[in-house]
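**Student:** Have a peek at upload-v3.cif (mmCIF, C-alpha atoms).
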```cif
data_coords
#
loop_
_atom_site.label_atom_id
_atom_site.label_comp_id
_atom_site.auth_asym_id
_atom_site.auth_seq_id
_atom_site.Cartn_x
_atom_site.Cartn_y
_atom_site.Cartn_z
CA MET A 919 -145.66 -2.04 -81.83
CA ALA A 920 -146.76 -2.01 -85.47
CA ASP A 921 -149.95 -3.48 -86.83
CA PRO A 922 -149.65 -6.93 -88.34
CA THR A 923 -149.37 -7.09 -92.10
CA PRO A 924 -152.84 -7.07 -93.61
CA ALA A 925 -153.99 -10.20 -95.41
CA PRO A 926 -153.63 -10.18 -99.20
CA GLY A 927 -156.84 -8.76 -100.64
CA GLY A 928 -157.56 -6.72 -97.57
CA ASP A 929 -160.58 -7.61 -95.52
CA ILE A 930 -161.97 -9.84 -98.26
CA GLY A 931 -158.81 -11.92 -98.69
CA ALA A 932 -160.40 -15.02 -97.17
CA ILE A 933 -163.37 -14.71 -99.53
CA LEU A 934 -161.07 -14.33 -102.57
CA GLU A 935 -159.16 -17.44 -101.54
CA GLU A 936 -162.47 -19.36 -101.34
CA PHE A 937 -163.37 -18.18 -104.87
CA ARG A 938 -159.98 -19.38 -106.19
CA LYS A 939 -160.52 -22.73 -104.52
CA LEU A 940 -164.01 -23.06 -106.02
CA ARG A 941 -162.68 -22.12 -109.50
CA ARG A 942 -160.05 -24.88 -109.28
CA GLU A 943 -162.71 -27.40 -108.20
CA VAL A 944 -165.04 -26.41 -111.08
CA ALA A 945 -162.16 -26.61 -113.56
CA ASP A 946 -161.28 -30.08 -112.24
CA LEU A 947 -164.90 -31.20 -112.68
CA LYS A 948 -164.96 -29.94 -116.28
CA THR A 949 -161.82 -31.88 -117.17
CA SER A 950 -162.33 -35.54 -118.13
CA THR A 951 -160.57 -38.07 -116.01
CA GLY A 952 -159.71 -41.64 -116.92
CA THR A 953 -162.75 -42.89 -115.03
CA GLN A 954 -165.14 -40.54 -116.81
CA ARG A 955 -163.78 -41.52 -120.23
CA ALA A 956 -164.07 -45.18 -119.36
CA GLN A 957 -167.73 -44.67 -118.46
CA ALA A 958 -168.39 -43.00 -121.82
CA VAL A 959 -166.69 -45.82 -123.70
CA LYS A 960 -168.60 -48.39 -121.67
CA ARG A 961 -171.90 -46.93 -122.90
CA LEU A 962 -170.96 -47.20 -126.59
CA PRO A 963 -172.92 -49.87 -128.50
CA PHE A 964 -171.19 -53.22 -129.00
CA GLN A 965 -171.72 -54.38 -132.59
CA ASP A 966 -171.68 -58.03 -133.65
CA PHE A 967 -172.10 -59.68 -137.06
CA GLN A 968 -172.41 -63.42 -137.51
CA VAL A 969 -173.17 -65.71 -140.45
CA GLY A 970 -174.52 -69.24 -140.31
CA GLN A 971 -174.88 -71.50 -143.34
CA ALA A 972 -175.60 -75.06 -144.36
CA SER A 973 -175.19 -76.94 -147.63
CA PRO A 974 -176.26 -79.36 -148.98
CA ILE A 975 -179.65 -79.53 -147.32
CA GLY A 976 -182.91 -81.42 -147.78
CA LEU A 977 -186.19 -80.26 -146.30
CA ALA A 978 -188.00 -82.34 -143.68
CA THR A 979 -191.57 -82.17 -142.40
CA GLY A 980 -192.45 -79.16 -140.22
CA TRP A 981 -190.40 -76.13 -139.28
CA ASN A 982 -186.72 -77.04 -138.97
CA SER A 983 -183.68 -74.83 -138.36
CA TYR A 984 -181.12 -74.94 -141.18
CA ALA A 985 -178.85 -72.06 -140.15
CA VAL A 986 -178.34 -70.90 -136.56
CA VAL A 987 -176.30 -68.05 -135.11
CA THR A 988 -175.60 -67.42 -131.43
CA LEU A 989 -174.83 -63.88 -130.27
CA LEU A 990 -172.95 -63.73 -126.96
CA VAL A 991 -174.23 -60.98 -124.67
CA PRO A 992 -171.39 -58.68 -123.57
CA GLU A 993 -171.07 -57.98 -119.85
CA ASP A 994 -173.28 -55.16 -118.53
CA ARG A 995 -175.41 -54.91 -121.71
CA THR A 996 -179.17 -54.93 -121.26
CA ARG A 997 -180.65 -54.46 -124.73
CA LEU A 998 -180.08 -55.98 -128.17
CA GLN A 999 -181.26 -54.48 -131.43
CA VAL A 1000 -181.00 -57.23 -134.02
CA LEU A 1001 -181.62 -57.64 -137.75
CA ALA A 1002 -181.59 -61.09 -139.34
CA ILE A 1003 -181.78 -62.03 -143.02
CA GLY A 1004 -182.15 -65.64 -144.11
CA THR A 1005 -181.77 -66.87 -147.69
CA ALA A 1006 -182.23 -70.35 -149.09
CA ALA A 1007 -182.51 -72.14 -152.40
CA VAL A 1008 -183.93 -75.68 -152.63
CA LEU A 1009 -184.60 -77.69 -155.78
CA ASP A 1010 -188.07 -79.20 -156.25
CA GLN A 1011 -186.90 -82.53 -157.64
CA THR A 1012 -190.19 -84.40 -157.98
CA SER A 1013 -193.27 -82.23 -158.48
CA GLY A 1014 -192.10 -80.05 -161.35
CA GLY A 1015 -192.80 -76.85 -159.41
CA LEU A 1016 -196.26 -77.79 -158.16
CA THR A 1017 -195.30 -77.54 -154.50
CA THR A 1018 -193.55 -74.82 -152.53
CA SER A 1019 -191.68 -74.08 -149.33
CA TYR A 1020 -191.62 -71.33 -146.72
CA GLY A 1021 -189.04 -69.62 -144.54
CA ARG A 1022 -189.05 -67.69 -141.28
CA VAL A 1023 -186.58 -66.27 -138.76
CA LEU A 1024 -186.62 -66.95 -135.03
CA ILE A 1025 -185.05 -64.34 -132.76
CA ASP A 1026 -184.72 -65.53 -129.17
CA GLY A 1027 -187.50 -68.06 -129.86
CA VAL A 1028 -189.95 -65.55 -131.37
CA ALA A 1029 -190.91 -66.36 -134.98
CA SER A 1030 -191.23 -63.80 -137.76
CA ARG A 1031 -194.02 -64.06 -140.28
CA GLN A 1032 -193.75 -66.78 -142.95
CA PHE A 1033 -192.16 -65.91 -146.29
CA PRO A 1034 -193.16 -68.01 -149.34
CA ALA A 1035 -190.62 -69.21 -151.87
CA ALA A 1036 -190.30 -67.56 -155.24
CA LYS A 1037 -190.03 -69.94 -158.20
CA ASP A 1038 -186.95 -69.92 -160.38
CA ALA A 1039 -187.76 -72.36 -163.18
CA GLY A 1040 -184.84 -74.24 -164.67
CA ALA A 1041 -184.76 -76.79 -167.49
CA THR A 1042 -186.04 -79.79 -165.52
CA LEU A 1043 -185.91 -78.71 -161.88
CA VAL A 1044 -187.70 -75.78 -160.24
CA ASN A 1045 -185.64 -73.85 -157.71
CA ASN A 1046 -187.49 -72.43 -154.70
CA VAL A 1047 -185.72 -69.26 -153.56
CA ILE A 1048 -186.65 -67.99 -150.10
CA THR A 1049 -185.68 -64.75 -148.37
CA ALA A 1050 -186.92 -64.07 -144.85
CA THR A 1051 -186.16 -61.11 -142.62
CA SER A 1052 -186.87 -60.13 -139.05
CA ALA A 1053 -185.83 -57.38 -136.67
CA ALA A 1054 -186.38 -57.07 -132.94
CA VAL A 1055 -185.37 -55.33 -129.75
CA VAL A 1056 -184.62 -57.90 -127.05
CA ASP A 1057 -184.14 -57.38 -123.32
CA VAL A 1058 -180.95 -59.36 -122.62
CA THR A 1059 -180.78 -58.64 -118.89
CA GLY A 1060 -179.47 -61.78 -117.17
CA LYS A 1061 -178.89 -63.63 -120.47
CA THR A 1062 -175.54 -64.90 -121.70
CA SER A 1063 -176.52 -65.48 -125.34
CA ILE A 1064 -179.30 -64.98 -127.87
CA SER A 1065 -180.07 -67.54 -130.55
CA VAL A 1066 -181.21 -66.58 -134.05
CA ALA A 1067 -182.37 -69.32 -136.43
CA PHE A 1068 -183.45 -69.53 -140.07
CA GLN A 1069 -186.16 -72.15 -140.48
CA LEU A 1070 -187.67 -73.75 -143.56
CA GLN A 1071 -190.85 -75.77 -144.05
CA PRO A 1072 -191.91 -77.57 -147.24
CA LEU A 1073 -195.48 -78.30 -148.27
CA ASN A 1074 -194.26 -81.63 -149.66
CA PRO A 1075 -190.98 -82.78 -148.06
CA ALA A 1076 -190.54 -85.56 -150.65
CA ALA A 1077 -190.03 -82.87 -153.34
CA PHE A 1078 -186.99 -81.41 -151.58
CA PRO A 1079 -184.43 -84.14 -150.85
CA SER A 1080 -180.82 -83.22 -150.20
CA HIS A 1081 -179.02 -81.84 -153.25
CA SER A 1082 -175.58 -80.28 -153.67
CA GLN A 1083 -177.12 -76.99 -154.86
CA ASN A 1084 -179.47 -76.64 -151.87
CA PHE A 1085 -178.32 -74.17 -149.22
CA ALA A 1086 -179.49 -72.00 -146.36
CA GLN A 1087 -177.68 -68.92 -145.06
CA LEU A 1088 -178.40 -66.55 -142.19
CA ALA A 1089 -176.78 -63.14 -141.64
CA VAL A 1090 -177.31 -61.47 -138.24
CA ILE A 1091 -176.35 -57.96 -137.19
CA GLY A 1092 -176.68 -57.16 -133.50
CA SER A 1093 -176.12 -53.99 -131.52
CA PHE A 1094 -175.88 -54.42 -127.75
CA THR A 1095 -176.50 -51.33 -125.64
CA ILE A 1096 -177.17 -50.26 -122.08
CA ALA A 1097 -180.83 -49.29 -121.78
#
```
Represent the structure contained in this file as structure tokens.

**Tutor:**
Amino acid sequence: MADPTPAPGGDIGAILEEFRKLRREVADLKTSTGTQRAQAVKRLPFQDFQVGQASPIGLATGWNSYAVVTLLVPEDRTRLQVLAIGTAAVLDQTSGGLTTSYGRVLIDGVASRQFPAAKDAGATLVNNVITATSAAVVDVTGKTSISVAFQLQPLNPAAFPSHSQNFAQLAVIGSFTIA
């Protein structure tokens, strides 16, 4: 009786087969699958841009919101990096430029510093031009939306009644990420 046919690779045939199997497994791990690509896409930042505006406006006593933007928090996002820029122009119709107004931005209820108006003198009315900015990183875990508001406050509300040229505008850029 003859000896059985030796295994391919001789005595180390079983070991060579294990190496081939391991090579295939490593190659499979190096190749992206649909699930892996989806995870990479899921981690990309979600960008949002919103604008809020109001016109005509008149200024009332205290800090009041004149332009508001709401950013909806995308599912599974935990952090928001946000930049807000508010701009307003209000005519001083009674004091001839002797009074002023201020602006600020609220991001998720947190106020920026106050920005004073710059004077833009016209023929008979003095325009108060206000630009306010704020930036923040907000933990949005468990939140469905974040509110951003542009607020104005006059020293003398009687000087800033509603006028067709008065306006407030807020531009908000948000980037939602996974922390």

**Student:** One decimal, Å: what's the distance from CA of Thr1062 (chain A) over to CA of Ser1030 (chain A), could you say?

**Tutor:**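 Computing it gives 22.5 Å between the two atoms.
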
**Student:** For the structure provided, state which residues fall under the PyMOL selection byres ((chain A and resi 1021-1025) around 7), and present them as a short mmCIF file (atom, residue, chain, number, x, y, z; two decimals) with C-alpha atoms, in the coordinates of the input.

**Tutor:**
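part.cif, freshly written:
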```
data_model
loop_
_atom_site.label_atom_id
_atom_site.label_comp_id
_atom_site.auth_asym_id
_atom_site.auth_seq_id
_atom_site.Cartn_x
_atom_site.Cartn_y
_atom_site.Cartn_z
CA GLY A 1004 -182.15 -65.64 -144.11
CA TYR A 1020 -191.62 -71.33 -146.72
CA ASP A 1026 -184.72 -65.53 -129.17
CA GLY A 1027 -187.50 -68.06 -129.86
CA VAL A 1028 -189.95 -65.55 -131.37
CA ALA A 1029 -190.91 -66.36 -134.98
CA SER A 1030 -191.23 -63.80 -137.76
CA ARG A 1031 -194.02 -64.06 -140.28
CA GLN A 1032 -193.75 -66.78 -142.95
CA PHE A 1033 -192.16 -65.91 -146.29
CA PRO A 1034 -193.16 -68.01 -149.34
CA ILE A 1048 -186.65 -67.99 -150.10
CA ALA A 1050 -186.92 -64.07 -144.85
CA THR A 1051 -186.16 -61.11 -142.62
CA SER A 1052 -186.87 -60.13 -139.05
CA SER A 1065 -180.07 -67.54 -130.55
CA VAL A 1066 -181.21 -66.58 -134.05
CA ALA A 1067 -182.37 -69.32 -136.43
CA PHE A 1068 -183.45 -69.53 -140.07
CA GLN A 1069 -186.16 -72.15 -140.48
CA LEU A 1070 -187.67 -73.75 -143.56
CA GLN A 1071 -190.85 -75.77 -144.05
#
```

**Student:** Expanded to explicit residues, what is the PyMOL selection byres ((chain A and resi 999) around 10) for this file, as a list in words?

**Tutor:** Pro963, Gln965, Arg997, Leu998, Val1000, Leu1001, Ala1053, Ala1054, Val1055, Val1056, Asp1057, Ile1091, Gly1092, Ser1093, Phe1094 and Thr1095 of chain A

**Student:** Could you write out as a PyMOL selection string the residues that the PyMOL selection byres ((chain A and resi 1018) around 12) matches in the shown file?

**Tutor:** chain A and resi 977+1007-1017+1019-1021+1033-1038+1044-1048+1070-1078

**Student:** Residues of the last selection are to be written out with C-alpha atoms, as a short mmCIF file (atom, residue, chain, number, x, y, z; two decimals), in the coordinates of the input.

**Tutor:**
```
data_model
loop_
_atom_site.label_atom_id
_atom_site.label_comp_id
_atom_site.auth_asym_id
_atom_site.auth_seq_id
_atom_site.Cartn_x
_atom_site.Cartn_y
_atom_site.Cartn_z
CA LEU A 977 -186.19 -80.26 -146.30
CA ALA A 1007 -182.51 -72.14 -152.40
CA VAL A 1008 -183.93 -75.68 -152.63
CA LEU A 1009 -184.60 -77.69 -155.78
CA ASP A 1010 -188.07 -79.20 -156.25
CA GLN A 1011 -186.90 -82.53 -157.64
CA THR A 1012 -190.19 -84.40 -157.98
CA SER A 1013 -193.27 -82.23 -158.48
CA GLY A 1014 -192.10 -80.05 -161.35
CA GLY A 1015 -192.80 -76.85 -159.41
CA LEU A 1016 -196.26 -77.79 -158.16
CA THR A 1017 -195.30 -77.54 -154.50
CA SER A 1019 -191.68 -74.08 -149.33
CA TYR A 1020 -191.62 -71.33 -146.72
CA GLY A 1021 -189.04 -69.62 -144.54
CA PHE A 1033 -192.16 -65.91 -146.29
CA PRO A 1034 -193.16 -68.01 -149.34
CA ALA A 1035 -190.62 -69.21 -151.87
CA ALA A 1036 -190.30 -67.56 -155.24
CA LYS A 1037 -190.03 -69.94 -158.20
CA ASP A 1038 -186.95 -69.92 -160.38
CA VAL A 1044 -187.70 -75.78 -160.24
CA ASN A 1045 -185.64 -73.85 -157.71
CA ASN A 1046 -187.49 -72.43 -154.70
CA VAL A 1047 -185.72 -69.26 -153.56
CA ILE A 1048 -186.65 -67.99 -150.10
CA LEU A 1070 -187.67 -73.75 -143.56
CA GLN A 1071 -190.85 -75.77 -144.05
CA PRO A 1072 -191.91 -77.57 -147.24
CA LEU A 1073 -195.48 -78.30 -148.27
CA ASN A 1074 -194.26 -81.63 -149.66
CA PRO A 1075 -190.98 -82.78 -148.06
CA ALA A 1076 -190.54 -85.56 -150.65
CA ALA A 1077 -190.03 -82.87 -153.34
CA PHE A 1078 -186.99 -81.41 -151.58
#
```

**Student:** For CA of Leu989 (chain A) and CA of Leu1088 (chain A), quote the distance in Å rounded to one decimal.

**Tutor:**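 Between these atoms lies a distance of 12.7 Å.
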
**Student:** Calculate how many Å separate CA of Gly1060 (chain A) from CA of Val969 (chain A), rounding to one decimal.

**Tutor:**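 These atoms are spaced 24.4 Å apart.
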
**Student:** Pick out the closest residue to Gly970 (chain A) from this set: A:Leu1043, A:Ile1064, A:Ile1003, A:Val991. Count only C-alpha atoms.

**Tutor:**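 Of the candidates, the smallest distance to Gly970 (chain A) is held by A:Ile1003.
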
**Student:** So which residues touch Gln968 (chain A) within 7 Å, counting all atoms listed in the file, skipping near sequence neighbours fewer than 6 positions away, as a PyMOL selection string?

**Tutor:** chain A and resi 987+1089-1091

**Student:** Could the residues in this selection be written to a file with C-alpha atoms, as a compact mmCIF listing (two decimals), in the coordinates of the input?

**Tutor:**
```txt
# COMPACT_ATOMS: atom_id res chain seq x y z
CA VAL A 987 -176.30 -68.05 -135.11
CA ALA A 1089 -176.78 -63.14 -141.64
CA VAL A 1090 -177.31 -61.47 -138.24
CA ILE A 1091 -176.35 -57.96 -137.19
```

**Student:** Find, counting all atoms listed in the file, the residue in A:Ser1063, A:Val1058, A:Ala1006, A:Phe967 that gets nearest to Ala985 (chain A).

**Tutor:**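 Residue with the minimum atom-to-atom distance to Ala985 (chain A): A:Ala1006.
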
**Student:** As JSON, please report the centre and edge lengths, rounded to one decimal in Å, of the axis-aligned box that holds all listed atoms of region 998-1005 of chain A with 8 Å of padding on each of the six sides.

**Tutor:**
```
{"center_x": -181.1, "center_y": -60.7, "center_z": -137.9, "size_x": 18.1, "size_y": 28.4, "size_z": 35.5}
```

**Student:** Just add N, CA, C and O atoms to region 958-984 of chain A and send it as a PDB file, keeping the file's coordinate frame.

**Tutor:**
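Everything below was put into out20.pdb:
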```pdb
ATOM      1  N   ALA A 958    -167.852 -43.351-120.511  1.00  0.00           N
ATOM      2  CA  ALA A 958    -168.390 -43.000-121.820  1.00  0.00           C
ATOM      3  C   ALA A 958    -168.162 -44.130-122.812  1.00  0.00           C
ATOM      4  O   ALA A 958    -169.053 -44.492-123.579  1.00  0.00           O
ATOM      5  N   VAL A 959    -166.991 -44.719-122.806  1.00  0.00           N
ATOM      6  CA  VAL A 959    -166.690 -45.820-123.700  1.00  0.00           C
ATOM      7  C   VAL A 959    -167.562 -47.030-123.369  1.00  0.00           C
ATOM      8  O   VAL A 959    -168.072 -47.714-124.253  1.00  0.00           O
ATOM      9  N   LYS A 960    -167.784 -47.255-122.107  1.00  0.00           N
ATOM     10  CA  LYS A 960    -168.600 -48.390-121.670  1.00  0.00           C
ATOM     11  C   LYS A 960    -170.012 -48.306-122.225  1.00  0.00           C
ATOM     12  O   LYS A 960    -170.648 -49.309-122.515  1.00  0.00           O
ATOM     13  N   ARG A 961    -170.535 -47.107-122.417  1.00  0.00           N
ATOM     14  CA  ARG A 961    -171.900 -46.930-122.900  1.00  0.00           C
ATOM     15  C   ARG A 961    -172.013 -47.021-124.419  1.00  0.00           C
ATOM     16  O   ARG A 961    -173.120 -47.050-124.955  1.00  0.00           O
ATOM     17  N   LEU A 962    -170.898 -47.069-125.140  1.00  0.00           N
ATOM     18  CA  LEU A 962    -170.960 -47.200-126.590  1.00  0.00           C
ATOM     19  C   LEU A 962    -171.586 -48.544-126.965  1.00  0.00           C
ATOM     20  O   LEU A 962    -171.387 -49.544-126.285  1.00  0.00           O
ATOM     21  N   PRO A 963    -172.345 -48.593-128.069  1.00  0.00           N
ATOM     22  CA  PRO A 963    -172.920 -49.870-128.500  1.00  0.00           C
ATOM     23  C   PRO A 963    -171.820 -50.870-128.873  1.00  0.00           C
ATOM     24  O   PRO A 963    -170.773 -50.493-129.389  1.00  0.00           O
ATOM     25  N   PHE A 964    -172.090 -52.141-128.594  1.00  0.00           N
ATOM     26  CA  PHE A 964    -171.190 -53.220-129.000  1.00  0.00           C
ATOM     27  C   PHE A 964    -171.841 -53.890-130.201  1.00  0.00           C
ATOM     28  O   PHE A 964    -172.934 -54.437-130.100  1.00  0.00           O
ATOM     29  N   GLN A 965    -171.185 -53.831-131.349  1.00  0.00           N
ATOM     30  CA  GLN A 965    -171.720 -54.380-132.590  1.00  0.00           C
ATOM     31  C   GLN A 965    -171.199 -55.797-132.813  1.00  0.00           C
ATOM     32  O   GLN A 965    -170.036 -56.083-132.553  1.00  0.00           O
ATOM     33  N   ASP A 966    -172.079 -56.663-133.320  1.00  0.00           N
ATOM     34  CA  ASP A 966    -171.680 -58.030-133.650  1.00  0.00           C
ATOM     35  C   ASP A 966    -172.320 -58.416-134.971  1.00  0.00           C
ATOM     36  O   ASP A 966    -173.453 -58.031-135.261  1.00  0.00           O
ATOM     37  N   PHE A 967    -171.593 -59.178-135.780  1.00  0.00           N
ATOM     38  CA  PHE A 967    -172.100 -59.680-137.060  1.00  0.00           C
ATOM     39  C   PHE A 967    -171.699 -61.138-137.168  1.00  0.00           C
ATOM     40  O   PHE A 967    -170.524 -61.469-137.002  1.00  0.00           O
ATOM     41  N   GLN A 968    -172.677 -61.981-137.409  1.00  0.00           N
ATOM     42  CA  GLN A 968    -172.410 -63.420-137.510  1.00  0.00           C
ATOM     43  C   GLN A 968    -173.129 -63.974-138.737  1.00  0.00           C
ATOM     44  O   GLN A 968    -174.200 -63.480-139.122  1.00  0.00           O
ATOM     45  N   VAL A 969    -172.555 -65.027-139.314  1.00  0.00           N
ATOM     46  CA  VAL A 969    -173.170 -65.710-140.450  1.00  0.00           C
ATOM     47  C   VAL A 969    -173.217 -67.192-140.148  1.00  0.00           C
ATOM     48  O   VAL A 969    -172.238 -67.770-139.670  1.00  0.00           O
ATOM     49  N   GLY A 970    -174.368 -67.802-140.430  1.00  0.00           N
ATOM     50  CA  GLY A 970    -174.520 -69.240-140.310  1.00  0.00           C
ATOM     51  C   GLY A 970    -174.982 -69.774-141.654  1.00  0.00           C
ATOM     52  O   GLY A 970    -175.754 -69.127-142.356  1.00  0.00           O
ATOM     53  N   GLN A 971    -174.482 -70.950-142.044  1.00  0.00           N
ATOM     54  CA  GLN A 971    -174.880 -71.500-143.340  1.00  0.00           C
ATOM     55  C   GLN A 971    -174.811 -73.019-143.333  1.00  0.00           C
ATOM     56  O   GLN A 971    -174.101 -73.605-142.520  1.00  0.00           O
ATOM     57  N   ALA A 972    -175.582 -73.606-144.235  1.00  0.00           N
ATOM     58  CA  ALA A 972    -175.600 -75.060-144.360  1.00  0.00           C
ATOM     59  C   ALA A 972    -175.802 -75.427-145.828  1.00  0.00           C
ATOM     60  O   ALA A 972    -176.595 -74.800-146.534  1.00  0.00           O
ATOM     61  N   SER A 973    -175.063 -76.427-146.272  1.00  0.00           N
ATOM     62  CA  SER A 973    -175.190 -76.940-147.630  1.00  0.00           C
ATOM     63  C   SER A 973    -174.451 -78.270-147.696  1.00  0.00           C
ATOM     64  O   SER A 973    -173.387 -78.399-147.083  1.00  0.00           O
ATOM     65  N   PRO A 974    -174.948 -79.255-148.356  1.00  0.00           N
ATOM     66  CA  PRO A 974    -176.260 -79.360-148.980  1.00  0.00           C
ATOM     67  C   PRO A 974    -177.320 -79.636-147.930  1.00  0.00           C
ATOM     68  O   PRO A 974    -177.020 -80.163-146.867  1.00  0.00           O
ATOM     69  N   ILE A 975    -178.551 -79.266-148.239  1.00  0.00           N
ATOM     70  CA  ILE A 975    -179.650 -79.530-147.320  1.00  0.00           C
ATOM     71  C   ILE A 975    -180.809 -80.187-148.056  1.00  0.00           C
ATOM     72  O   ILE A 975    -180.936 -80.065-149.280  1.00  0.00           O
ATOM     73  N   GLY A 976    -181.632 -80.894-147.306  1.00  0.00           N
ATOM     74  CA  GLY A 976    -182.910 -81.420-147.780  1.00  0.00           C
ATOM     75  C   GLY A 976    -183.945 -81.003-146.761  1.00  0.00           C
ATOM     76  O   GLY A 976    -183.643 -80.879-145.574  1.00  0.00           O
ATOM     77  N   LEU A 977    -185.162 -80.747-147.210  1.00  0.00           N
ATOM     78  CA  LEU A 977    -186.190 -80.260-146.300  1.00  0.00           C
ATOM     79  C   LEU A 977    -186.980 -81.420-145.701  1.00  0.00           C
ATOM     80  O   LEU A 977    -187.365 -82.351-146.404  1.00  0.00           O
ATOM     81  N   ALA A 978    -187.230 -81.331-144.410  1.00  0.00           N
ATOM     82  CA  ALA A 978    -188.000 -82.340-143.680  1.00  0.00           C
ATOM     83  C   ALA A 978    -189.344 -81.747-143.271  1.00  0.00           C
ATOM     84  O   ALA A 978    -189.548 -80.534-143.329  1.00  0.00           O
ATOM     85  N   THR A 979    -190.244 -82.583-142.827  1.00  0.00           N
ATOM     86  CA  THR A 979    -191.570 -82.170-142.400  1.00  0.00           C
ATOM     87  C   THR A 979    -191.504 -81.172-141.253  1.00  0.00           C
ATOM     88  O   THR A 979    -190.696 -81.321-140.337  1.00  0.00           O
ATOM     89  N   GLY A 980    -192.365 -80.152-141.293  1.00  0.00           N
ATOM     90  CA  GLY A 980    -192.450 -79.160-140.220  1.00  0.00           C
ATOM     91  C   GLY A 980    -191.393 -78.088-140.330  1.00  0.00           C
ATOM     92  O   GLY A 980    -190.612 -78.039-141.276  1.00  0.00           O
ATOM     93  N   TRP A 981    -191.391 -77.203-139.334  1.00  0.00           N
ATOM     94  CA  TRP A 981    -190.400 -76.130-139.280  1.00  0.00           C
ATOM     95  C   TRP A 981    -189.114 -76.684-138.683  1.00  0.00           C
ATOM     96  O   TRP A 981    -189.125 -77.197-137.565  1.00  0.00           O
ATOM     97  N   ASN A 982    -188.021 -76.581-139.439  1.00  0.00           N
ATOM     98  CA  ASN A 982    -186.720 -77.040-138.970  1.00  0.00           C
ATOM     99  C   ASN A 982    -185.688 -75.939-139.186  1.00  0.00           C
ATOM    100  O   ASN A 982    -185.739 -75.212-140.182  1.00  0.00           O
ATOM    101  N   SER A 983    -184.743 -75.840-138.257  1.00  0.00           N
ATOM    102  CA  SER A 983    -183.680 -74.830-138.360  1.00  0.00           C
ATOM    103  C   SER A 983    -182.560 -75.355-139.253  1.00  0.00           C
ATOM    104  O   SER A 983    -182.047 -76.443-139.028  1.00  0.00           O
ATOM    105  N   TYR A 984    -182.176 -74.542-140.245  1.00  0.00           N
ATOM    106  CA  TYR A 984    -181.120 -74.940-141.180  1.00  0.00           C
ATOM    107  C   TYR A 984    -179.871 -74.083-141.032  1.00  0.00           C
ATOM    108  O   TYR A 984    -178.805 -74.486-141.465  1.00  0.00           O
TER     109      TYR A 984
END
```
